[in-house]
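Colleague: Provided below: input_8.cif, containing mmCIF, C-alpha atoms and all ligand atoms.
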```
data_protein
#
loop_
_atom_site.group_PDB
_atom_site.id
_atom_site.type_symbol
_atom_site.label_atom_id
_atom_site.label_comp_id
_atom_site.auth_asym_id
_atom_site.auth_seq_id
_atom_site.Cartn_x
_atom_site.Cartn_y
_atom_site.Cartn_z
ATOM 1 C CA MET S 1 -40.535 -8.027 -14.702
ATOM 2 C CA THR S 2 -38.908 -10.434 -12.277
ATOM 3 C CA ALA S 3 -35.620 -8.634 -11.553
ATOM 4 C CA LYS S 4 -35.229 -6.527 -8.439
ATOM 5 C CA LEU S 5 -34.437 -2.877 -9.069
ATOM 6 C CA ILE S 6 -31.282 -1.211 -7.814
ATOM 7 C CA ASN S 7 -32.546 2.342 -7.528
ATOM 8 C CA GLY S 8 -29.631 4.761 -7.632
ATOM 9 C CA LYS S 9 -31.799 7.746 -6.912
ATOM 10 C CA GLU S 10 -33.047 6.327 -3.604
ATOM 11 C CA LEU S 11 -29.605 5.114 -2.578
ATOM 12 C CA SER S 12 -28.187 8.549 -3.420
ATOM 13 C CA LYS S 13 -30.789 10.156 -1.192
ATOM 14 C CA GLU S 14 -29.760 7.969 1.742
ATOM 15 C CA LEU S 15 -26.054 8.581 1.180
ATOM 16 C CA LYS S 16 -26.633 12.330 0.894
ATOM 17 C CA GLN S 17 -28.495 12.350 4.205
ATOM 18 C CA GLU S 18 -25.467 10.718 5.857
ATOM 19 C CA MET S 19 -23.080 13.129 4.161
ATOM 20 C CA LYS S 20 -25.150 16.119 5.236
ATOM 21 C CA LYS S 21 -24.600 15.144 8.869
ATOM 22 C CA GLU S 22 -20.899 14.557 8.304
ATOM 23 C CA VAL S 23 -20.480 17.947 6.621
ATOM 24 C CA LEU S 24 -22.230 19.620 9.570
ATOM 25 C CA ASP S 25 -19.793 17.933 11.951
ATOM 26 C CA LEU S 26 -16.842 19.042 9.858
ATOM 27 C CA LYS S 27 -18.128 22.611 9.747
ATOM 28 C CA GLU S 28 -18.435 22.641 13.532
ATOM 29 C CA LYS S 29 -14.767 21.732 13.628
ATOM 30 C CA GLY S 30 -14.019 24.648 11.274
ATOM 31 C CA LEU S 31 -13.578 22.601 8.107
ATOM 32 C CA ASN S 32 -15.682 23.753 5.146
ATOM 33 C CA PRO S 33 -15.527 21.239 2.286
ATOM 34 C CA HIS S 34 -15.263 23.107 -0.995
ATOM 35 C CA LEU S 35 -15.491 21.891 -4.589
ATOM 36 C CA THR S 36 -14.458 23.968 -7.595
ATOM 37 C CA VAL S 37 -15.792 22.868 -10.985
ATOM 38 C CA ILE S 38 -14.320 24.217 -14.210
ATOM 39 C CA LEU S 39 -16.546 24.336 -17.278
ATOM 40 C CA VAL S 40 -14.981 25.256 -20.615
ATOM 41 C CA GLY S 41 -17.350 26.385 -23.375
ATOM 42 C CA ASP S 42 -21.087 25.934 -23.697
ATOM 43 C CA ASN S 43 -21.706 22.236 -24.377
ATOM 44 C CA PRO S 44 -25.339 21.861 -23.203
ATOM 45 C CA ALA S 45 -24.823 18.378 -21.707
ATOM 46 C CA SER S 46 -21.737 19.561 -19.789
ATOM 47 C CA LYS S 47 -23.600 22.634 -18.541
ATOM 48 C CA SER S 48 -26.389 20.440 -17.263
ATOM 49 C CA TYR S 49 -23.969 17.999 -15.536
ATOM 50 C CA VAL S 50 -22.106 20.885 -13.911
ATOM 51 C CA SER S 51 -25.254 22.478 -12.551
ATOM 52 C CA GLY S 52 -26.308 19.047 -11.234
ATOM 53 C CA LYS S 53 -23.012 18.842 -9.360
ATOM 54 C CA LYS S 54 -23.529 22.294 -7.848
ATOM 55 C CA LYS S 55 -27.076 21.496 -6.789
ATOM 56 C CA ALA S 56 -26.072 18.191 -5.174
ATOM 57 C CA SER S 57 -23.197 19.911 -3.327
ATOM 58 C CA GLN S 58 -25.631 22.449 -1.919
ATOM 59 C CA GLU S 59 -27.945 19.675 -0.753
ATOM 60 C CA VAL S 60 -25.272 18.258 1.529
ATOM 61 C CA GLY S 61 -23.797 21.605 2.559
ATOM 62 C CA ILE S 62 -20.614 21.425 0.483
ATOM 63 C CA SER S 63 -19.751 24.844 -0.873
ATOM 64 C CA SER S 64 -19.077 24.847 -4.574
ATOM 65 C CA GLU S 65 -18.127 27.252 -7.278
ATOM 66 C CA ILE S 66 -18.328 26.945 -11.053
ATOM 67 C CA ILE S 67 -15.589 28.655 -13.026
ATOM 68 C CA HIS S 68 -17.014 29.109 -16.513
ATOM 69 C CA LEU S 69 -14.312 29.730 -19.122
ATOM 70 C CA GLU S 70 -14.566 30.666 -22.796
ATOM 71 C CA GLU S 71 -14.349 27.889 -25.376
ATOM 72 C CA SER S 72 -11.369 29.792 -26.876
ATOM 73 C CA ILE S 73 -9.236 29.687 -23.698
ATOM 74 C CA SER S 74 -5.740 28.347 -24.416
ATOM 75 C CA GLU S 75 -4.429 25.219 -22.735
ATOM 76 C CA LYS S 76 -1.765 27.343 -21.032
ATOM 77 C CA GLU S 77 -4.355 29.693 -19.545
ATOM 78 C CA LEU S 78 -6.472 26.775 -18.342
ATOM 79 C CA LEU S 79 -3.440 25.175 -16.705
ATOM 80 C CA GLU S 80 -2.732 28.484 -14.933
ATOM 81 C CA VAL S 81 -6.260 28.490 -13.497
ATOM 82 C CA ILE S 82 -5.694 24.949 -12.228
ATOM 83 C CA HIS S 83 -2.317 25.817 -10.692
ATOM 84 C CA LYS S 84 -3.944 28.661 -8.736
ATOM 85 C CA LEU S 85 -6.638 26.308 -7.449
ATOM 86 C CA ASN S 86 -3.975 23.744 -6.514
ATOM 87 C CA ASP S 87 -2.392 26.398 -4.284
ATOM 88 C CA ASP S 88 -5.677 27.668 -2.831
ATOM 89 C CA LYS S 89 -6.059 26.116 0.642
ATOM 90 C CA ARG S 90 -9.786 26.890 0.641
ATOM 91 C CA VAL S 91 -10.333 24.536 -2.340
ATOM 92 C CA HIS S 92 -10.411 20.827 -1.491
ATOM 93 C CA GLY S 93 -11.654 19.341 -4.756
ATOM 94 C CA ILE S 94 -11.060 20.384 -8.376
ATOM 95 C CA LEU S 95 -13.052 18.948 -11.261
ATOM 96 C CA VAL S 96 -12.656 19.918 -14.909
ATOM 97 C CA GLN S 97 -15.755 18.874 -16.814
ATOM 98 C CA LEU S 98 -14.937 16.748 -19.871
ATOM 99 C CA PRO S 99 -14.934 16.745 -22.842
ATOM 100 C CA LEU S 100 -12.709 19.762 -23.493
ATOM 101 C CA PRO S 101 -12.411 21.640 -26.817
ATOM 102 C CA ASP S 102 -10.161 19.919 -29.369
ATOM 103 C CA HIS S 103 -7.276 22.395 -29.024
ATOM 104 C CA ILE S 104 -6.765 21.362 -25.379
ATOM 105 C CA VAL S 105 -5.069 18.057 -24.543
ATOM 106 C CA GLU S 106 -7.263 16.481 -21.857
ATOM 107 C CA GLN S 107 -4.455 14.450 -20.375
ATOM 108 C CA HIS S 108 -2.386 17.621 -19.759
ATOM 109 C CA VAL S 109 -5.306 19.067 -17.825
ATOM 110 C CA ILE S 110 -5.973 15.897 -15.826
ATOM 111 C CA GLU S 111 -2.308 15.649 -14.858
ATOM 112 C CA ALA S 112 -2.167 19.320 -13.816
ATOM 113 C CA ILE S 113 -4.620 18.756 -10.953
ATOM 114 C CA ARG S 114 -2.862 17.842 -7.708
ATOM 115 C CA PRO S 115 -3.695 14.187 -6.954
ATOM 116 C CA GLU S 116 -4.863 15.215 -3.453
ATOM 117 C CA LYS S 117 -7.546 17.450 -5.057
ATOM 118 C CA ASP S 118 -8.445 15.118 -7.945
ATOM 119 C CA VAL S 119 -11.995 14.227 -6.855
ATOM 120 C CA ASP S 120 -12.700 12.669 -10.275
ATOM 121 C CA GLY S 121 -9.975 10.080 -9.640
ATOM 122 C CA PHE S 122 -8.615 10.561 -13.161
ATOM 123 C CA HIS S 123 -5.003 11.521 -12.325
ATOM 124 C CA PRO S 124 -2.516 8.736 -13.208
ATOM 125 C CA VAL S 125 -1.269 8.750 -9.603
ATOM 126 C CA ASN S 126 -4.777 8.007 -8.346
ATOM 127 C CA ILE S 127 -5.375 5.442 -11.087
ATOM 128 C CA GLY S 128 -2.129 3.744 -10.006
ATOM 129 C CA ARG S 129 -3.269 3.782 -6.391
ATOM 130 C CA MET S 130 -6.591 2.269 -7.424
ATOM 131 C CA MET S 131 -4.818 -0.469 -9.411
ATOM 132 C CA THR S 132 -2.634 -1.339 -6.435
ATOM 133 C CA ASN S 133 -5.717 -1.401 -4.207
ATOM 134 C CA GLN S 134 -4.716 1.544 -2.014
ATOM 135 C CA ASP S 135 -7.134 3.983 -0.466
ATOM 136 C CA THR S 136 -7.617 6.834 -2.945
ATOM 137 C CA PHE S 137 -10.209 8.801 -4.890
ATOM 138 C CA LEU S 138 -12.075 6.292 -7.017
ATOM 139 C CA PRO S 139 -13.582 7.435 -10.341
ATOM 140 C CA CYS S 140 -17.156 8.391 -9.504
ATOM 141 C CA THR S 141 -19.205 6.186 -11.846
ATOM 142 C CA PRO S 142 -17.310 2.945 -11.078
ATOM 143 C CA TYR S 143 -17.335 3.848 -7.363
ATOM 144 C CA GLY S 144 -21.104 4.342 -7.613
ATOM 145 C CA ILE S 145 -21.557 0.960 -9.307
ATOM 146 C CA ILE S 146 -19.626 -0.893 -6.586
ATOM 147 C CA THR S 147 -21.621 0.988 -3.933
ATOM 148 C CA MET S 148 -24.892 -0.061 -5.606
ATOM 149 C CA LEU S 149 -23.845 -3.737 -5.670
ATOM 150 C CA LYS S 150 -22.781 -3.617 -2.027
ATOM 151 C CA SER S 151 -26.018 -1.886 -0.998
ATOM 152 C CA LYS S 152 -27.890 -5.025 -2.085
ATOM 153 C CA GLN S 153 -25.292 -7.400 -0.581
ATOM 154 C CA ILE S 154 -24.701 -8.818 -4.057
ATOM 155 C CA SER S 155 -21.735 -11.145 -3.884
ATOM 156 C CA ILE S 156 -18.850 -10.075 -6.087
ATOM 157 C CA ALA S 157 -15.965 -12.292 -4.961
ATOM 158 C CA GLY S 158 -15.491 -15.292 -7.235
ATOM 159 C CA LYS S 159 -18.184 -14.123 -9.656
ATOM 160 C CA HIS S 160 -17.615 -13.582 -13.348
ATOM 161 C CA ALA S 161 -17.990 -9.890 -14.164
ATOM 162 C CA VAL S 162 -18.190 -8.947 -17.821
ATOM 163 C CA ILE S 163 -17.731 -5.300 -18.781
ATOM 164 C CA ILE S 164 -18.837 -4.001 -22.169
ATOM 165 C CA GLY S 165 -16.873 -0.805 -22.807
ATOM 166 C CA ARG S 166 -13.262 0.166 -22.140
ATOM 167 C CA SER S 167 -13.317 3.932 -21.577
ATOM 168 C CA ASN S 168 -10.860 5.458 -19.111
ATOM 169 C CA ILE S 169 -13.775 6.936 -17.142
ATOM 170 C CA VAL S 170 -16.043 3.883 -16.792
ATOM 171 C CA GLY S 171 -15.120 0.578 -18.452
ATOM 172 C CA LYS S 172 -11.480 0.198 -17.440
ATOM 173 C CA PRO S 173 -11.822 1.375 -13.832
ATOM 174 C CA VAL S 174 -15.038 -0.528 -13.085
ATOM 175 C CA GLY S 175 -13.287 -3.730 -14.171
ATOM 176 C CA GLN S 176 -10.370 -2.892 -11.897
ATOM 177 C CA LEU S 177 -12.655 -2.245 -8.912
ATOM 178 C CA LEU S 178 -14.487 -5.532 -9.506
ATOM 179 C CA LEU S 179 -11.111 -7.278 -9.679
ATOM 180 C CA ASN S 180 -10.124 -5.597 -6.400
ATOM 181 C CA GLU S 181 -13.311 -7.149 -4.979
ATOM 182 C CA HIS S 182 -12.063 -10.577 -6.190
ATOM 183 C CA SER S 183 -14.312 -11.139 -9.171
ATOM 184 C CA THR S 184 -13.038 -12.664 -12.416
ATOM 185 C CA VAL S 185 -13.181 -9.916 -15.006
ATOM 186 C CA THR S 186 -13.652 -10.011 -18.778
ATOM 187 C CA TYR S 187 -13.503 -6.812 -20.831
ATOM 188 C CA CYS S 188 -15.496 -6.621 -24.066
ATOM 189 C CA HIS S 189 -15.518 -3.724 -26.529
ATOM 190 C CA SER S 190 -16.301 -2.719 -30.109
ATOM 191 C CA ARG S 191 -13.703 -5.129 -31.542
ATOM 192 C CA THR S 192 -14.814 -8.135 -29.481
ATOM 193 C CA GLU S 193 -15.697 -10.917 -31.914
ATOM 194 C CA ASN S 194 -17.776 -13.274 -29.768
ATOM 195 C CA LEU S 195 -19.669 -10.749 -27.637
ATOM 196 C CA LYS S 196 -22.798 -12.779 -26.920
ATOM 197 C CA GLU S 197 -20.755 -15.860 -26.030
ATOM 198 C CA LEU S 198 -18.972 -13.849 -23.347
ATOM 199 C CA THR S 199 -21.853 -11.766 -21.999
ATOM 200 C CA THR S 200 -24.029 -14.851 -21.498
ATOM 201 C CA GLN S 201 -21.388 -16.145 -19.064
ATOM 202 C CA ALA S 202 -21.617 -13.042 -16.874
ATOM 203 C CA ASP S 203 -22.870 -13.181 -13.290
ATOM 204 C CA ILE S 204 -22.451 -9.400 -13.241
ATOM 205 C CA LEU S 205 -22.834 -7.578 -16.560
ATOM 206 C CA VAL S 206 -21.811 -3.924 -16.741
ATOM 207 C CA VAL S 207 -22.911 -2.209 -19.931
ATOM 208 C CA ALA S 208 -21.245 1.048 -20.968
ATOM 209 C CA ILE S 209 -21.575 1.201 -24.732
ATOM 210 C CA GLY S 210 -23.397 4.472 -25.396
ATOM 211 C CA LYS S 211 -26.049 3.095 -27.767
ATOM 212 C CA PRO S 212 -29.726 2.798 -26.850
ATOM 213 C CA ARG S 213 -31.148 -0.626 -25.900
ATOM 214 C CA VAL S 214 -28.554 -2.741 -27.743
ATOM 215 C CA ILE S 215 -28.247 -5.341 -24.968
ATOM 216 C CA THR S 216 -31.331 -7.499 -25.239
ATOM 217 C CA SER S 217 -32.201 -10.544 -23.126
ATOM 218 C CA ASP S 218 -30.338 -12.943 -25.439
ATOM 219 C CA TYR S 219 -27.070 -11.325 -24.264
ATOM 220 C CA VAL S 220 -27.892 -12.057 -20.621
ATOM 221 C CA LYS S 221 -27.615 -15.190 -18.473
ATOM 222 C CA LYS S 222 -30.668 -16.017 -16.370
ATOM 223 C CA GLY S 223 -30.230 -14.547 -12.882
ATOM 224 C CA ALA S 224 -27.418 -12.147 -13.846
ATOM 225 C CA VAL S 225 -26.992 -8.745 -12.199
ATOM 226 C CA VAL S 226 -27.196 -6.118 -14.942
ATOM 227 C CA ILE S 227 -25.758 -2.639 -14.500
ATOM 228 C CA ASP S 228 -26.699 -0.172 -17.233
ATOM 229 C CA VAL S 229 -24.366 2.828 -17.447
ATOM 230 C CA GLY S 230 -25.875 4.222 -20.660
ATOM 231 C CA ILE S 231 -27.825 7.455 -20.784
ATOM 232 C CA ASN S 232 -29.223 7.944 -24.284
ATOM 233 C CA ARG S 233 -31.724 10.580 -25.297
ATOM 234 C CA LEU S 234 -34.331 9.307 -27.774
ATOM 235 C CA GLU S 235 -35.977 11.474 -30.437
ATOM 236 C CA ASP S 236 -39.059 11.969 -28.237
ATOM 237 C CA GLY S 237 -36.786 13.487 -25.575
ATOM 238 C CA SER S 238 -36.997 10.541 -23.163
ATOM 239 C CA LEU S 239 -33.934 8.882 -21.636
ATOM 240 C CA THR S 240 -33.044 5.236 -22.090
ATOM 241 C CA GLY S 241 -30.116 2.993 -21.233
ATOM 242 C CA ASP S 242 -27.881 0.729 -23.310
ATOM 243 C CA VAL S 243 -29.907 -2.216 -22.019
ATOM 244 C CA ASP S 244 -33.333 -3.199 -23.331
ATOM 245 C CA PHE S 245 -34.936 -2.921 -19.897
ATOM 246 C CA GLU S 246 -38.219 -4.553 -20.845
ATOM 247 C CA SER S 247 -36.787 -7.887 -21.985
ATOM 248 C CA VAL S 248 -33.723 -8.009 -19.710
ATOM 249 C CA SER S 249 -35.687 -7.279 -16.529
ATOM 250 C CA ASP S 250 -37.510 -10.603 -17.064
ATOM 251 C CA LYS S 251 -34.247 -12.534 -17.076
ATOM 252 C CA ALA S 252 -31.915 -10.733 -14.654
ATOM 253 C CA SER S 253 -31.975 -11.068 -10.855
ATOM 254 C CA TYR S 254 -31.115 -7.382 -10.352
ATOM 255 C CA ILE S 255 -31.137 -4.483 -12.802
ATOM 256 C CA THR S 256 -30.460 -0.753 -12.676
ATOM 257 C CA PRO S 257 -33.088 1.451 -14.352
ATOM 258 C CA VAL S 258 -32.405 4.474 -16.583
ATOM 259 C CA PRO S 259 -33.056 7.123 -15.407
ATOM 260 C CA ARG S 260 -32.724 6.758 -11.580
ATOM 261 C CA GLY S 261 -29.958 4.162 -11.826
ATOM 262 C CA VAL S 262 -26.227 4.694 -12.117
ATOM 263 C CA GLY S 263 -26.556 8.370 -13.163
ATOM 264 C CA PRO S 264 -27.475 9.852 -9.757
ATOM 265 C CA MET S 265 -24.779 7.754 -8.057
ATOM 266 C CA THR S 266 -22.005 9.392 -10.097
ATOM 267 C CA ILE S 267 -22.660 12.806 -8.563
ATOM 268 C CA THR S 268 -23.184 11.328 -5.109
ATOM 269 C CA MET S 269 -19.767 9.673 -5.174
ATOM 270 C CA LEU S 270 -18.225 12.981 -6.250
ATOM 271 C CA LEU S 271 -19.562 14.450 -3.015
ATOM 272 C CA LYS S 272 -18.045 11.536 -1.076
ATOM 273 C CA ASN S 273 -14.691 12.206 -2.742
ATOM 274 C CA THR S 274 -14.932 15.913 -1.962
ATOM 275 C CA ILE S 275 -15.510 15.207 1.737
ATOM 276 C CA LYS S 276 -12.567 12.804 1.660
ATOM 277 C CA ALA S 277 -10.405 15.494 0.061
ATOM 278 C CA ALA S 278 -11.445 18.024 2.713
ATOM 279 C CA LYS S 279 -10.475 15.577 5.439
ATOM 280 C CA GLY S 280 -7.117 15.110 3.695
ATOM 281 C CA LEU S 281 -7.512 11.351 3.552
ATOM 282 C CA ALA S 282 -6.307 10.591 0.048
ATOM 283 C CA HIS S 283 -2.599 11.240 0.511
HETATM 284 N N1 LIG S 301 -17.748 14.000 -18.402
HETATM 285 C C1 LIG S 301 -18.529 12.885 -18.364
HETATM 286 N N2 LIG S 301 -18.385 12.241 -17.186
HETATM 287 C C2 LIG S 301 -17.498 12.962 -16.461
HETATM 288 C C3 LIG S 301 -16.944 12.792 -15.157
HETATM 289 O O1 LIG S 301 -17.231 11.838 -14.422
HETATM 290 N N3 LIG S 301 -16.072 13.758 -14.763
HETATM 291 C C4 LIG S 301 -15.716 14.790 -15.570
HETATM 292 N N4 LIG S 301 -14.836 15.661 -15.106
HETATM 293 N N5 LIG S 301 -16.201 14.955 -16.784
HETATM 294 C C5 LIG S 301 -17.079 14.044 -17.222
#
```
Just give me the structure as structure tokens.

Modeller:
Amino acid sequence: MTAKLINGKELSKELKQEMKKEVLDLKEKGLNPHLTVILVGDNPASKSYVSGKKKASQEVGISSEIIHLEESISEKELLEVIHKLNDDKRVHGILVQLPLPDHIVEQHVIEAIRPEKDVDGFHPVNIGRMMTNQDTFLPCTPYGIITMLKSKQISIAGKHAVIIGRSNIVGKPVGQLLLNEHSTVTYCHSRTENLKELTTQADILVVAIGKPRVITSDYVKKGAVVIDVGINRLEDGSLTGDVDFESVSDKASYITPVPRGVGPMTITMLLKNTIKAAKGLAH
């Protein structure tokens, strides 16, 4: 392996130490950052993500609460819960864990959260603010990726960033953030016809496909920075990314591992957003 690792777990640890101090300061001033997470149903992956969010909040001193609702809850009832939280001055951040059951329209739920409490950065108002390069809550995974690049002083301006994946949560916003940082951005996705031709031109390659180890070294330019957003569980129970780490780490200049890469940064940036919400900065 010749690539340098960008270790999201270590970076998260450092950022959490800083946040712990900041939260202490805020508490001394009488401000208690509080995050409320809503979990609907019993999806095991969602349950695990939600408990990870609670644990990380505790680590930095942010108080958090999980509201666990039945899978059968109606959209109307869920929206009522959100409206109450919107009006609760004690609650600074609201996060509804996705995906939601099929009978609930996710976009209705996302748009019900007041933009000033939308610590996921999914509300159209916050997406608009992000697109116009205003200070706002940035979606946590893309925010984590930019923070990882900056932590290694990797130059972004003028570089060609290629994104594989166009989800609302990762692909689209990470491309926007890289554009805001003055890179030239190409989006690729499942209908892209000349994928390899495009990915081999990337100085920064962000992979968010959701399939294990599909990006092998022949998709990567020598010296590229490779960010692997995938978290895939193999049959033996181990976790692996969308990137074939073994071959790509011999060709890239920097690479994120899985686990201990982008994953831990997502939760860490949620904590950053929650502190920002408590300070009332994203208005
Ligand atoms: N499900 C998968 N990722 C996320 C996320 O970042 N936020 C929420 N709310 N749900 C998710």

Colleague: Taking the file above as input, evaluate the PyMOL selection byres (((chain S and resi 245-255) around 8) and not hetatm) and report the hits as a PyMOL selection string.

Modeller: chain S and resi 1-6+213+216-217+220-228+241+243-244+256-257

Colleague: Would you mind exporting the chosen residues as a CSV table (one decimal), in the coordinates of the input, restricted to C-alpha atoms?

Modeller:
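The resulting file, out-v1.csv, is shown below:
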```
chain,number,residue,atom,x,y,z
S,1,MET,CA,-40.5,-8.0,-14.7
S,2,THR,CA,-38.9,-10.4,-12.3
S,3,ALA,CA,-35.6,-8.6,-11.6
S,4,LYS,CA,-35.2,-6.5,-8.4
S,5,LEU,CA,-34.4,-2.9,-9.1
S,6,ILE,CA,-31.3,-1.2,-7.8
S,213,ARG,CA,-31.1,-0.6,-25.9
S,216,THR,CA,-31.3,-7.5,-25.2
S,217,SER,CA,-32.2,-10.5,-23.1
S,220,VAL,CA,-27.9,-12.1,-20.6
S,221,LYS,CA,-27.6,-15.2,-18.5
S,222,LYS,CA,-30.7,-16.0,-16.4
S,223,GLY,CA,-30.2,-14.5,-12.9
S,224,ALA,CA,-27.4,-12.1,-13.8
S,225,VAL,CA,-27.0,-8.7,-12.2
S,226,VAL,CA,-27.2,-6.1,-14.9
S,227,ILE,CA,-25.8,-2.6,-14.5
S,228,ASP,CA,-26.7,-0.2,-17.2
S,241,GLY,CA,-30.1,3.0,-21.2
S,243,VAL,CA,-29.9,-2.2,-22.0
S,244,ASP,CA,-33.3,-3.2,-23.3
S,256,THR,CA,-30.5,-0.8,-12.7
S,257,PRO,CA,-33.1,1.5,-14.4
```

Colleague: Tell me which of S:Ile127, S:Leu31, S:Val214, S:Cys140 sits closest to Arg90 (chain S), counting all atoms listed in the file.

Modeller: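 Nearest candidate to Arg90 (chain S) out of S:Ile127, S:Leu31, S:Val214, S:Cys140: S:Leu31.
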
Colleague: Could you produce a table of the residues of chain S lying within 10 Å of ligand LIG 301 (chain S), with the nearest pair of atoms per residue and their separation in Å rounded to one decimal, using only C-alpha atoms and all ligand atoms, ordered by chain and increasing residue number, as JSON lines?

Modeller:
```
{"residue": "S:Val37", "atom": "CA", "partner": "S:LIG301", "partner_atom": "N4", "distance": 8.4}
{"residue": "S:Ile38", "atom": "CA", "partner": "S:LIG301", "partner_atom": "N4", "distance": 8.6}
{"residue": "S:Leu39", "atom": "CA", "partner": "S:LIG301", "partner_atom": "N4", "distance": 9.1}
{"residue": "S:Ala45", "atom": "CA", "partner": "S:LIG301", "partner_atom": "N1", "distance": 9.0}
{"residue": "S:Ser46", "atom": "CA", "partner": "S:LIG301", "partner_atom": "N1", "distance": 7.0}
{"residue": "S:Tyr49", "atom": "CA", "partner": "S:LIG301", "partner_atom": "N1", "distance": 7.9}
{"residue": "S:Val50", "atom": "CA", "partner": "S:LIG301", "partner_atom": "N5", "distance": 8.8}
{"residue": "S:Ile94", "atom": "CA", "partner": "S:LIG301", "partner_atom": "N4", "distance": 9.0}
{"residue": "S:Leu95", "atom": "CA", "partner": "S:LIG301", "partner_atom": "N4", "distance": 5.4}
{"residue": "S:Val96", "atom": "CA", "partner": "S:LIG301", "partner_atom": "N4", "distance": 4.8}
{"residue": "S:Gln97", "atom": "CA", "partner": "S:LIG301", "partner_atom": "N4", "distance": 3.8}
{"residue": "S:Leu98", "atom": "CA", "partner": "S:LIG301", "partner_atom": "N5", "distance": 3.8}
{"residue": "S:Pro99", "atom": "CA", "partner": "S:LIG301", "partner_atom": "N1", "distance": 5.9}
{"residue": "S:Leu100", "atom": "CA", "partner": "S:LIG301", "partner_atom": "N5", "distance": 9.0}
{"residue": "S:Ile110", "atom": "CA", "partner": "S:LIG301", "partner_atom": "N4", "distance": 8.9}
{"residue": "S:Asp118", "atom": "CA", "partner": "S:LIG301", "partner_atom": "N4", "distance": 9.6}
{"residue": "S:Val119", "atom": "CA", "partner": "S:LIG301", "partner_atom": "N4", "distance": 8.8}
{"residue": "S:Asp120", "atom": "CA", "partner": "S:LIG301", "partner_atom": "N3", "distance": 5.7}
{"residue": "S:Gly121", "atom": "CA", "partner": "S:LIG301", "partner_atom": "N3", "distance": 8.8}
{"residue": "S:Phe122", "atom": "CA", "partner": "S:LIG301", "partner_atom": "N3", "distance": 8.3}
{"residue": "S:Pro139", "atom": "CA", "partner": "S:LIG301", "partner_atom": "O1", "distance": 7.0}
{"residue": "S:Cys140", "atom": "CA", "partner": "S:LIG301", "partner_atom": "O1", "distance": 6.0}
{"residue": "S:Thr141", "atom": "CA", "partner": "S:LIG301", "partner_atom": "O1", "distance": 6.5}
{"residue": "S:Pro142", "atom": "CA", "partner": "S:LIG301", "partner_atom": "O1", "distance": 9.5}
{"residue": "S:Ile169", "atom": "CA", "partner": "S:LIG301", "partner_atom": "O1", "distance": 6.6}
{"residue": "S:Val170", "atom": "CA", "partner": "S:LIG301", "partner_atom": "O1", "distance": 8.4}
{"residue": "S:Gly263", "atom": "CA", "partner": "S:LIG301", "partner_atom": "N2", "distance": 9.9}
{"residue": "S:Thr266", "atom": "CA", "partner": "S:LIG301", "partner_atom": "O1", "distance": 6.9}
{"residue": "S:Ile267", "atom": "CA", "partner": "S:LIG301", "partner_atom": "O1", "distance": 8.0}
{"residue": "S:Met269", "atom": "CA", "partner": "S:LIG301", "partner_atom": "O1", "distance": 9.8}
{"residue": "S:Leu270", "atom": "CA", "partner": "S:LIG301", "partner_atom": "O1", "distance": 8.3}
```

Colleague: Grab the CA of Gln58 (chain S) to CA of Arg260 (chain S) distance for me, in Å with one decimal place.

Modeller: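 Pair CA of Gln58 (chain S) / CA of Arg260 (chain S) returns 19.7 Å.
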
Colleague: Evaluate the PyMOL selection byres (((chain S and resi 210) around 12) and not hetatm) against this structure - the residues, as a PyMOL selection string, please.

Modeller: chain S and resi 164-167+170-171+189-190+207-209+211-215+228-233+240-243

Colleague: Mind writing the picked residues with C-alpha atoms as a PDB file, in the coordinates of the input?

Modeller:
```pdb
ATOM      1  CA  ILE S 164     -18.837  -4.001 -22.169  1.00  0.00           C
ATOM      2  CA  GLY S 165     -16.873  -0.805 -22.807  1.00  0.00           C
ATOM      3  CA  ARG S 166     -13.262   0.166 -22.140  1.00  0.00           C
ATOM      4  CA  SER S 167     -13.317   3.932 -21.577  1.00  0.00           C
ATOM      5  CA  VAL S 170     -16.043   3.883 -16.792  1.00  0.00           C
ATOM      6  CA  GLY S 171     -15.120   0.578 -18.452  1.00  0.00           C
ATOM      7  CA  HIS S 189     -15.518  -3.724 -26.529  1.00  0.00           C
ATOM      8  CA  SER S 190     -16.301  -2.719 -30.109  1.00  0.00           C
ATOM      9  CA  VAL S 207     -22.911  -2.209 -19.931  1.00  0.00           C
ATOM     10  CA  ALA S 208     -21.245   1.048 -20.968  1.00  0.00           C
ATOM     11  CA  ILE S 209     -21.575   1.201 -24.732  1.00  0.00           C
ATOM     12  CA  LYS S 211     -26.049   3.095 -27.767  1.00  0.00           C
ATOM     13  CA  PRO S 212     -29.726   2.798 -26.850  1.00  0.00           C
ATOM     14  CA  ARG S 213     -31.148  -0.626 -25.900  1.00  0.00           C
ATOM     15  CA  VAL S 214     -28.554  -2.741 -27.743  1.00  0.00           C
ATOM     16  CA  ILE S 215     -28.247  -5.341 -24.968  1.00  0.00           C
ATOM     17  CA  ASP S 228     -26.699  -0.172 -17.233  1.00  0.00           C
ATOM     18  CA  VAL S 229     -24.366   2.828 -17.447  1.00  0.00           C
ATOM     19  CA  GLY S 230     -25.875   4.222 -20.660  1.00  0.00           C
ATOM     20  CA  ILE S 231     -27.825   7.455 -20.784  1.00  0.00           C
ATOM     21  CA  ASN S 232     -29.223   7.944 -24.284  1.00  0.00           C
ATOM     22  CA  ARG S 233     -31.724  10.580 -25.297  1.00  0.00           C
ATOM     23  CA  THR S 240     -33.044   5.236 -22.090  1.00  0.00           C
ATOM     24  CA  GLY S 241     -30.116   2.993 -21.233  1.00  0.00           C
ATOM     25  CA  ASP S 242     -27.881   0.729 -23.310  1.00  0.00           C
ATOM     26  CA  VAL S 243     -29.907  -2.216 -22.019  1.00  0.00           C
TER      27      VAL S 243
END
```

Colleague: Step by step, work through what the PyMOL selection byres (((chain S and resi 177) around 10) and not hetatm) selects in the shown file, and finish by giving those residues as a ChimeraX atom specification.

Modeller: /S:130-131,133,138-139,142-143,145-146,172-176,178-183,185
